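Student: Supplied in structure tokens, the structure appears directly below.
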Amino acid sequence: MSNNQKSSNKGVYKRLFSYFKPYKGRFVCAIIFVLFSTFAYSLAPLFMGCATNALADIFTGSNTENAAGNFILFLLLMGGAYLLNALLSYIATCLIVGVTENTIFDLRKNIDNKLSRLPLNYYDTNSYGDILSRVTNDVDTVSSSLQQSIYQVLNALFTIVIIFSLMLSISGVLTFVGLAIVPVALFISAKIAGKSQKKFNEQQEKTGKLNGYVEEYYSGHNVVTVFGKEEDVIGEFEQTNDELFEASRQGQFLAGMLTPIMQNMTNLGYVLVCFVGALMAIIGGLSIGMIQSFTQYLRQFSQPLTQVMQITNIIQSTGSAARRIFEFLDEDEEIKDVKSPKFPKELKGEVEFDHIKFGYLPHQTLIHDLNIKIGAGQKTAIVGPTGAGKTTLVNLIMRFYDVKSGAIRIDGVDIRDMERSRLREIFGMVLQDTWLYNGTIRENIRYGKLNATDEEVENAAKKARADAFIRALPGGYDFVLQEGASNIAQGQRQLITIARAMLNNPPILILDEATSSVDTRTEVLIQSAMAEMMKGKTSFVIAHRLSTIKDSDNILYMQDGDILEVGNHETLMEKNGLYAKLYNSQFADNNG
């Protein structure tokens, strides 16, 4: 393991344990309980050795008056030590579990808050599966490993220190003989652990990649099936899965070598201690009971070392998972709201684009100089070829992205001077890709206004022309939508999203291809519902079907990020420019 990687791992663990600070009082108490429970457990072999010496006195006939009493006393002390150890370790475990659960709760809360502060660009450039893996799998790995390893590591450290002190008090010679081999074992184990850590890092990365792959192709299963690409998908999945398998296998194999190496090396020391101890007993340098105690201590001394080696793979997995979590938490966030936000004194819905310049990448400019003013209550249609910048314009209004230069103003106030939450409350959106969650229809409509009454929900559905089909469903408004609302038709989903926007009753509406994927009959219903919704509101309509936007107050024809033509339908048709050619081509196609 390189020095940089060691430093990186140290920083990851230090940052992870910084989450313990709010609970350091309970954590310190847990450490104290672990210390005393370990001390109680470590005294038991000493009491057993003393009991053995008392028993030897009984059999040899020396000091028989006190030998029997001493034998019973030391047995009681040994039993008491084990009972005290059990009680204290139980309390310590409860405290540690409480601290770790609270720590993971705080970590999950930070992740949840981070999700809401990330810019849209992060979600556009990262796999949903990998993001999901970081906020679920990696957090679960950290949670389970902390609960498993903290007590074991504390217990192992205290055991090593206490037992080493007791071993020295019994015999320095035997201590040297028994532990001479330990540094060699630790050196070999450290080398192996460094190699396995790299494999555990790779394992976590491959897990995120595999999750992203599964999420992508599961959501596009129908397309994969239509084009007969099942074998290709399976092949790519198997390749990624094989890479994950190989990284996991090598990591687990290397980590698994640590335990047998430590056990075999300590067993060699155990044999040497038995031999030297026997010689010392023969020459009278040490009693049989103390030799027995020492051999038990040597076995106990090797157990925490072996235990640490066993949980090394867990600790390494924790480091790898925590690193991915902190990488996510360190991602650049949206620019913070201004300290003294502004808001229009009177919200009318006037929108002004003042010499806007924007590009998704620093070296690329999509919108060069957008300059237009939309009056309050006007319906503005945005048309143009694919990639013209229509949806980009909407993203800028909602401040999902910030402009490079220029300004967007709503009723005279620059949107960058507003709080994002208040800005987005101004808008209602109906998109081509409907978003409905697993819940009742009533709950999905109420999402637009969480404190709405049932009567308000149903009135919004009536205005959206959705009430009739909703009441025809089993349970009506209490009909439960499946994930993605797959148990109702696309047009019905669209009507529900319109009802949700109507319930919110915002001053500005954004309608992005809302009728592009429905049949003609349903389109008439949706158009009627949208016309009702747009009354008296400023609205932006993105549409490919130009017949649906003929009544717009403004039509913006966009191409390559710039507005090339502006006007209503009649004036643009008279101009016989780009809009007229696009409209006539659709008319010809529809009649061809």
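Residues are named by chain letter and number: chains run A, B, ... in the order of the structure tokens, numbers start at 1 in each chain, and ligands are numbered from 1 in the order shown.
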What are the DSSP strand (DSSP E or B) residues of segment 198-434 of chain A, as a count of residues only?
Tutor: 34
Student: Any idea what's packed within 12 Å of Ser116 of chain A, counting only C-alpha atoms, ignoring anything in its chain fewer than 2 positions away? Could you give it as an mmCIF file with all heavy atoms, in the first residue's frame?
Tutor:
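Result went into part.cif, see below:
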data_model
loop_
_atom_site.group_PDB
_atom_site.id
_atom_site.type_symbol
_atom_site.label_atom_id
_atom_site.label_comp_id
_atom_site.auth_asym_id
_atom_site.auth_seq_id
_atom_site.Cartn_x
_atom_site.Cartn_y
_atom_site.Cartn_z
ATOM 1 N N LYS A 109 -28.826 11.028 6.984
ATOM 2 C CA LYS A 109 -29.469 12.338 6.911
ATOM 3 C C LYS A 109 -28.618 13.305 6.095
ATOM 4 O O LYS A 109 -29.154 14.082 5.288
ATOM 5 C CB LYS A 109 -29.700 12.875 8.329
ATOM 6 C CG LYS A 109 -30.511 14.154 8.371
ATOM 7 C CD LYS A 109 -31.025 14.432 9.774
ATOM 8 C CE LYS A 109 -29.908 14.652 10.758
ATOM 9 N NZ LYS A 109 -30.396 15.071 12.091
ATOM 10 N N ASN A 110 -27.297 13.266 6.286
ATOM 11 C CA ASN A 110 -26.405 14.116 5.494
ATOM 12 C C ASN A 110 -26.476 13.767 4.011
ATOM 13 O O ASN A 110 -26.450 14.652 3.149
ATOM 14 C CB ASN A 110 -24.961 13.971 5.988
ATOM 15 C CG ASN A 110 -24.720 14.706 7.294
ATOM 16 O OD1 ASN A 110 -25.591 15.426 7.776
ATOM 17 N ND2 ASN A 110 -23.559 14.513 7.877
ATOM 18 N N ILE A 111 -26.555 12.463 3.738
ATOM 19 C CA ILE A 111 -26.654 12.021 2.343
ATOM 20 C C ILE A 111 -27.957 12.504 1.724
ATOM 21 O O ILE A 111 -27.991 12.984 0.587
ATOM 22 C CB ILE A 111 -26.542 10.486 2.264
ATOM 23 C CG1 ILE A 111 -25.118 10.045 2.615
ATOM 24 C CG2 ILE A 111 -26.932 9.977 0.880
ATOM 25 C CD1 ILE A 111 -24.961 8.549 2.757
ATOM 26 N N ASP A 112 -29.051 12.391 2.485
ATOM 27 C CA ASP A 112 -30.355 12.828 1.986
ATOM 28 C C ASP A 112 -30.342 14.328 1.703
ATOM 29 O O ASP A 112 -30.849 14.792 0.670
ATOM 30 C CB ASP A 112 -31.437 12.487 3.008
ATOM 31 C CG ASP A 112 -32.826 12.873 2.527
ATOM 32 O OD1 ASP A 112 -33.261 12.367 1.481
ATOM 33 O OD2 ASP A 112 -33.483 13.689 3.197
ATOM 34 N N ASN A 113 -29.753 15.103 2.607
ATOM 35 C CA ASN A 113 -29.649 16.546 2.396
ATOM 36 C C ASN A 113 -28.770 16.860 1.188
ATOM 37 O O ASN A 113 -29.046 17.793 0.427
ATOM 38 C CB ASN A 113 -29.078 17.230 3.643
ATOM 39 C CG ASN A 113 -30.043 17.185 4.814
ATOM 40 O OD1 ASN A 113 -31.252 17.104 4.636
ATOM 41 N ND2 ASN A 113 -29.513 17.222 6.027
ATOM 42 N N LYS A 114 -27.712 16.067 1.017
ATOM 43 C CA LYS A 114 -26.806 16.274 -0.123
ATOM 44 C C LYS A 114 -27.535 16.052 -1.437
ATOM 45 O O LYS A 114 -27.321 16.800 -2.404
ATOM 46 C CB LYS A 114 -25.615 15.318 -0.003
ATOM 47 C CG LYS A 114 -24.570 15.490 -1.092
ATOM 48 C CD LYS A 114 -23.788 16.776 -0.915
ATOM 49 C CE LYS A 114 -22.687 16.895 -1.953
ATOM 50 N NZ LYS A 114 -21.849 18.079 -1.722
ATOM 51 N N LEU A 118 -27.454 18.828 -4.703
ATOM 52 C CA LEU A 118 -26.633 18.581 -5.885
ATOM 53 C C LEU A 118 -27.262 19.222 -7.117
ATOM 54 O O LEU A 118 -28.483 19.227 -7.268
ATOM 55 C CB LEU A 118 -26.483 17.073 -6.115
ATOM 56 C CG LEU A 118 -25.568 16.328 -5.151
ATOM 57 C CD1 LEU A 118 -25.688 14.838 -5.359
ATOM 58 C CD2 LEU A 118 -24.108 16.767 -5.339
ATOM 59 N N PRO A 119 -26.448 19.748 -8.009
ATOM 60 C CA PRO A 119 -27.004 20.330 -9.231
ATOM 61 C C PRO A 119 -27.520 19.248 -10.170
ATOM 62 O O PRO A 119 -27.121 18.075 -10.078
ATOM 63 C CB PRO A 119 -25.802 21.061 -9.848
ATOM 64 C CG PRO A 119 -24.608 20.319 -9.326
ATOM 65 C CD PRO A 119 -24.981 19.842 -7.945
ATOM 66 N N LEU A 120 -28.411 19.641 -11.064
ATOM 67 C CA LEU A 120 -28.967 18.691 -12.025
ATOM 68 C C LEU A 120 -27.874 18.044 -12.855
ATOM 69 O O LEU A 120 -27.984 16.882 -13.260
ATOM 70 C CB LEU A 120 -29.966 19.411 -12.937
ATOM 71 C CG LEU A 120 -30.755 18.555 -13.928
ATOM 72 C CD1 LEU A 120 -31.648 17.567 -13.191
ATOM 73 C CD2 LEU A 120 -31.590 19.447 -14.843
ATOM 74 N N TYR A 122 -25.092 16.868 -11.978
ATOM 75 C CA TYR A 122 -24.537 15.656 -11.343
ATOM 76 C C TYR A 122 -25.353 14.427 -11.743
ATOM 77 O O TYR A 122 -24.794 13.378 -12.053
ATOM 78 C CB TYR A 122 -24.537 15.815 -9.820
ATOM 79 C CG TYR A 122 -24.028 14.585 -9.117
ATOM 80 C CD1 TYR A 122 -22.661 14.353 -8.995
ATOM 81 C CD2 TYR A 122 -24.901 13.639 -8.581
ATOM 82 C CE1 TYR A 122 -22.184 13.216 -8.365
ATOM 83 C CE2 TYR A 122 -24.434 12.501 -7.952
ATOM 84 C CZ TYR A 122 -23.071 12.294 -7.847
ATOM 85 O OH TYR A 122 -22.606 11.161 -7.234
ATOM 86 N N TYR A 123 -26.666 14.556 -11.734
ATOM 87 C CA TYR A 123 -27.522 13.426 -12.097
ATOM 88 C C TYR A 123 -27.469 13.141 -13.587
ATOM 89 O O TYR A 123 -27.693 12.003 -14.018
ATOM 90 C CB TYR A 123 -28.966 13.714 -11.670
ATOM 91 C CG TYR A 123 -29.109 13.875 -10.175
ATOM 92 C CD1 TYR A 123 -29.204 15.142 -9.606
ATOM 93 C CD2 TYR A 123 -29.131 12.778 -9.331
ATOM 94 C CE1 TYR A 123 -29.312 15.305 -8.233
ATOM 95 C CE2 TYR A 123 -29.242 12.926 -7.959
ATOM 96 C CZ TYR A 123 -29.330 14.198 -7.416
ATOM 97 O OH TYR A 123 -29.438 14.341 -6.059
ATOM 98 N N LEU A 329 -20.428 12.941 -0.828
ATOM 99 C CA LEU A 329 -20.714 14.107 0.014
ATOM 100 C C LEU A 329 -19.852 15.318 -0.352
ATOM 101 O O LEU A 329 -20.229 16.457 -0.043
ATOM 102 C CB LEU A 329 -20.506 13.744 1.489
ATOM 103 C CG LEU A 329 -21.515 12.768 2.097
ATOM 104 C CD1 LEU A 329 -21.111 12.401 3.522
ATOM 105 C CD2 LEU A 329 -22.921 13.364 2.092
ATOM 106 N N GLU A 333 -21.813 21.404 -5.002
ATOM 107 C CA GLU A 333 -23.253 21.619 -4.831
ATOM 108 C C GLU A 333 -23.715 22.808 -5.661
ATOM 109 O O GLU A 333 -22.914 23.522 -6.262
ATOM 110 C CB GLU A 333 -23.558 21.869 -3.345
ATOM 111 C CG GLU A 333 -23.183 20.709 -2.443
ATOM 112 C CD GLU A 333 -23.478 20.994 -0.978
ATOM 113 O OE1 GLU A 333 -23.978 22.098 -0.680
ATOM 114 O OE2 GLU A 333 -23.207 20.117 -0.148
ATOM 115 N N GLU A 334 -25.033 22.976 -5.691
ATOM 116 C CA GLU A 334 -25.582 24.162 -6.319
ATOM 117 C C GLU A 334 -25.041 25.405 -5.601
ATOM 118 O O GLU A 334 -24.760 25.371 -4.406
ATOM 119 C CB GLU A 334 -27.110 24.169 -6.224
ATOM 120 C CG GLU A 334 -27.799 23.156 -7.104
ATOM 121 C CD GLU A 334 -29.307 23.279 -7.011
ATOM 122 O OE1 GLU A 334 -29.814 23.467 -5.892
ATOM 123 O OE2 GLU A 334 -29.973 23.167 -8.050
ATOM 124 N N PHE A 400 -32.295 25.169 -12.602
ATOM 125 C CA PHE A 400 -31.581 23.905 -12.462
ATOM 126 C C PHE A 400 -30.127 24.105 -12.885
ATOM 127 O O PHE A 400 -29.238 23.380 -12.457
ATOM 128 C CB PHE A 400 -32.228 22.819 -13.317
ATOM 129 C CG PHE A 400 -33.592 22.404 -12.817
ATOM 130 C CD1 PHE A 400 -34.627 22.159 -13.697
ATOM 131 C CD2 PHE A 400 -33.831 22.251 -11.463
ATOM 132 C CE1 PHE A 400 -35.877 21.763 -13.239
ATOM 133 C CE2 PHE A 400 -35.076 21.859 -10.991
ATOM 134 C CZ PHE A 400 -36.101 21.624 -11.888
ATOM 135 N N ARG A 420 -34.104 29.385 -4.044
ATOM 136 C CA ARG A 420 -34.540 28.387 -5.024
ATOM 137 C C ARG A 420 -35.901 27.803 -4.668
ATOM 138 O O ARG A 420 -36.741 27.554 -5.543
ATOM 139 C CB ARG A 420 -33.511 27.265 -5.128
ATOM 140 C CG ARG A 420 -32.265 27.628 -5.926
ATOM 141 C CD ARG A 420 -31.397 26.399 -6.138
ATOM 142 N NE ARG A 420 -30.231 26.696 -6.947
ATOM 143 C CZ ARG A 420 -29.096 27.181 -6.485
ATOM 144 N NH1 ARG A 420 -28.993 27.451 -5.192
ATOM 145 N NH2 ARG A 420 -28.076 27.415 -7.283
ATOM 146 N N SER A 421 -36.116 27.542 -3.390
ATOM 147 C CA SER A 421 -37.377 26.919 -2.986
ATOM 148 C C SER A 421 -38.568 27.826 -3.318
ATOM 149 O O SER A 421 -39.591 27.358 -3.842
ATOM 150 C CB SER A 421 -37.356 26.607 -1.486
ATOM 151 O OG SER A 421 -37.114 27.789 -0.728
#
Student: If you take only C-alpha atoms and a cut-off of 9 Å, which residues of segment 527-591 of chain A touch segment 338-353 of chain A, and what are their nearest atom pairs and distances in Å to one decimal, in chain and number order, as CSV?
Tutor:
residue,atom,partner,partner_atom,distance
A:Lys537,CA,A:Gly349,CA,7.2
A:Thr538,CA,A:Gly349,CA,5.6
A:Ser539,CA,A:Gly349,CA,8.8
Student: Name the residues in contact with Val28 of chain A at a cut-off of 12 Å, using only C-alpha atoms, excluding same-chain residues fewer than 5 positions from it; report them as a ChimeraX atom specification.
Tutor: /A:20-23,33-35,92,95-96,99,154
Student: Deliver the residues from the most recent selection as a file, using N, CA and C atoms, as a compact mmCIF listing (two decimals), in the first residue's frame.
Tutor:
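Generated file (again03.txt):
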# COMPACT_ATOMS: atom_id res chain seq x y z
N PHE A 20 -18.97 10.43 15.40
CA PHE A 20 -19.22 9.96 16.77
C PHE A 20 -19.23 11.11 17.77
N LYS A 21 -18.78 12.30 17.36
CA LYS A 21 -18.61 13.40 18.31
C LYS A 21 -19.87 13.73 19.11
N PRO A 22 -21.05 13.78 18.49
CA PRO A 22 -22.25 14.10 19.29
C PRO A 22 -22.55 13.05 20.36
N TYR A 23 -21.95 11.88 20.23
CA TYR A 23 -22.27 10.78 21.15
C TYR A 23 -21.01 10.31 21.89
N PHE A 33 -16.59 0.43 29.91
CA PHE A 33 -17.20 -0.87 30.19
C PHE A 33 -16.45 -2.00 29.49
N VAL A 34 -15.99 -1.75 28.26
CA VAL A 34 -15.19 -2.78 27.56
C VAL A 34 -13.89 -3.02 28.31
N LEU A 35 -13.26 -1.96 28.81
CA LEU A 35 -12.00 -2.09 29.54
C LEU A 35 -12.18 -2.96 30.79
N ALA A 92 -21.74 -2.72 27.47
CA ALA A 92 -20.88 -2.07 26.48
C ALA A 92 -21.45 -2.26 25.07
N LEU A 95 -24.42 0.03 24.45
CA LEU A 95 -23.98 1.41 24.23
C LEU A 95 -23.39 1.60 22.84
N ILE A 96 -22.56 0.64 22.41
CA ILE A 96 -21.92 0.75 21.09
C ILE A 96 -22.95 0.67 19.97
N VAL A 99 -24.70 4.00 19.77
CA VAL A 99 -23.85 5.04 19.17
C VAL A 99 -23.74 4.84 17.66
N LEU A 154 -11.90 -2.85 20.21
CA LEU A 154 -11.64 -2.37 21.56
C LEU A 154 -11.26 -3.51 22.50
Student: For segment 555-561 of chain A, list every protein, DNA or RNA residue within 12 Å, evaluated using only C-alpha atoms, and leave out those in the same chain fewer than 6 positions away; present the list as a PyMOL selection string.
Tutor: chain A and resi 356-360+364-374+378-393+539-544+546+548-549+567-573+577-583
Student: How many Å separate atom CA of Val566 of chain A from atom CA of Asp551 of chain A?
Tutor: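 Atom CA of Asp551 of chain A lies 14.1 Å from atom CA of Val566 of chain A.
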Student: Give me, as JSON, numbers by chain, all polymer residues having an atom no more than 7 Å from segment 194-204 of chain A, counting only C-alpha atoms and skipping those fewer than 3 positions away in the same chain.
Tutor: {"A": [1, 190, 191, 207, 208, 244, 247, 248, 250, 251, 254, 255, 316, 317, 320, 321]}
Student: Using C-alpha atoms, can you export the residues from the last selection as a PDB file, in the first residue's frame?
Tutor:
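So result_0.pdb came out as:
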ATOM      1  CA  MET A   1       0.000   0.000   0.000  1.00  0.00           C
ATOM      2  CA  ALA A 190       0.417  -6.163   7.134  1.00  0.00           C
ATOM      3  CA  LYS A 191       1.843  -6.861   3.680  1.00  0.00           C
ATOM      4  CA  THR A 207     -20.476  -3.148  -7.302  1.00  0.00           C
ATOM      5  CA  GLY A 208     -21.532   0.411  -8.136  1.00  0.00           C
ATOM      6  CA  LEU A 244     -16.633  -8.028  -9.607  1.00  0.00           C
ATOM      7  CA  ALA A 247     -11.965  -8.506  -7.340  1.00  0.00           C
ATOM      8  CA  SER A 248     -14.071  -9.976  -4.508  1.00  0.00           C
ATOM      9  CA  GLN A 250      -8.894 -11.985  -4.590  1.00  0.00           C
ATOM     10  CA  GLY A 251      -9.763  -9.586  -1.770  1.00  0.00           C
ATOM     11  CA  LEU A 254      -5.963 -12.410   0.698  1.00  0.00           C
ATOM     12  CA  ALA A 255      -7.928 -11.353   3.783  1.00  0.00           C
ATOM     13  CA  GLN A 316     -11.060  -2.638   4.695  1.00  0.00           C
ATOM     14  CA  SER A 317     -14.559  -2.931   3.207  1.00  0.00           C
ATOM     15  CA  SER A 320     -13.677   1.459   0.723  1.00  0.00           C
ATOM     16  CA  ALA A 321     -17.408   2.059   1.266  1.00  0.00           C
TER      17      ALA A 321
END
Student: My list of candidates is A:Glu458, A:Ala278, A:Gly377, A:Val161. Which is closest to Gln292 of chain A when distances are computed with only C-alpha atoms?
Tutor: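 Checking each candidate against Gln292 of chain A, we get A:Ala278 as the closest.
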Student: Excluding Gly484 of chain A and its own-chain neighbours fewer than 6 positions away, which residues fall within 12 Å of it when counting only C-alpha atoms? Please give them as a VMD selection string.
Tutor: chain A and resid 219 433 to 439 444 490 493
Student: Those residues you just picked out, can you put them in a file as an mmCIF file, in the first residue's frame with N, CA, C and O atoms?
Tutor:
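Once written, selection00.cif looks like this:
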data_model
loop_
_atom_site.group_PDB
_atom_site.id
_atom_site.type_symbol
_atom_site.label_atom_id
_atom_site.label_comp_id
_atom_site.auth_asym_id
_atom_site.auth_seq_id
_atom_site.Cartn_x
_atom_site.Cartn_y
_atom_site.Cartn_z
ATOM 1 N N SER A 219 -34.577 -0.801 -16.780
ATOM 2 C CA SER A 219 -35.522 0.236 -17.188
ATOM 3 C C SER A 219 -35.748 0.222 -18.697
ATOM 4 O O SER A 219 -36.789 0.652 -19.179
ATOM 5 N N ASP A 433 -42.420 12.910 -19.669
ATOM 6 C CA ASP A 433 -42.182 11.748 -18.807
ATOM 7 C C ASP A 433 -42.859 12.009 -17.465
ATOM 8 O O ASP A 433 -42.336 12.750 -16.626
ATOM 9 N N THR A 434 -44.021 11.427 -17.283
ATOM 10 C CA THR A 434 -44.780 11.648 -16.049
ATOM 11 C C THR A 434 -44.067 10.990 -14.877
ATOM 12 O O THR A 434 -43.463 9.926 -15.025
ATOM 13 N N TRP A 435 -44.151 11.630 -13.722
ATOM 14 C CA TRP A 435 -43.596 11.031 -12.496
ATOM 15 C C TRP A 435 -44.720 10.888 -11.478
ATOM 16 O O TRP A 435 -45.266 11.868 -10.976
ATOM 17 N N LEU A 436 -45.084 9.633 -11.224
ATOM 18 C CA LEU A 436 -46.067 9.301 -10.199
ATOM 19 C C LEU A 436 -45.464 8.219 -9.331
ATOM 20 O O LEU A 436 -44.777 7.327 -9.822
ATOM 21 N N TYR A 437 -45.713 8.285 -8.038
ATOM 22 C CA TYR A 437 -45.086 7.323 -7.140
ATOM 23 C C TYR A 437 -46.092 6.265 -6.663
ATOM 24 O O TYR A 437 -47.298 6.388 -6.882
ATOM 25 N N ASN A 438 -45.569 5.249 -6.020
ATOM 26 C CA ASN A 438 -46.392 4.157 -5.520
ATOM 27 C C ASN A 438 -47.249 4.659 -4.358
ATOM 28 O O ASN A 438 -46.757 4.907 -3.260
ATOM 29 N N GLY A 439 -48.534 4.829 -4.624
ATOM 30 C CA GLY A 439 -49.480 5.355 -3.641
ATOM 31 C C GLY A 439 -50.823 5.543 -4.297
ATOM 32 O O GLY A 439 -51.018 5.203 -5.479
ATOM 33 N N ASN A 444 -51.141 11.145 -4.948
ATOM 34 C CA ASN A 444 -50.316 11.666 -6.039
ATOM 35 C C ASN A 444 -50.768 13.040 -6.482
ATOM 36 O O ASN A 444 -49.936 13.903 -6.795
ATOM 37 N N GLN A 490 -50.946 5.751 -20.322
ATOM 38 C CA GLN A 490 -50.085 6.927 -20.383
ATOM 39 C C GLN A 490 -50.894 8.221 -20.333
ATOM 40 O O GLN A 490 -50.547 9.158 -19.619
ATOM 41 N N ARG A 493 -52.098 8.926 -16.869
ATOM 42 C CA ARG A 493 -51.007 9.434 -16.027
ATOM 43 C C ARG A 493 -50.822 10.937 -16.274
ATOM 44 O O ARG A 493 -50.621 11.714 -15.340
#
Student: Write out as a list in words which residues come within 9 Å of Asn504 of chain A when counting only C-alpha atoms, dropping same-chain ones fewer than 6 positions away.
Tutor: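 Answer for this query is Glu425, Phe427, Gly428, Arg446, Tyr447, Gly448 and Lys449 of chain A.
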Student: What does the distance from atom CA of Thr497 of chain A to atom CA of Asp414 of chain A come to in Å, to one decimal?
Tutor: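 Distance between the two atoms: 28.7 Å.
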Student: I need the residue nearest Ala376 of chain A from this list: A:Asn554, A:Ser133, A:Ser143, A:Ser42. Use only C-alpha atoms for the distance.
Tutor: A:Asn554
Student: To one decimal place in Å, what is the distance between atom CA of Leu115 of chain A and atom CA of Ile510 of chain A?
Tutor: 23.8 Å
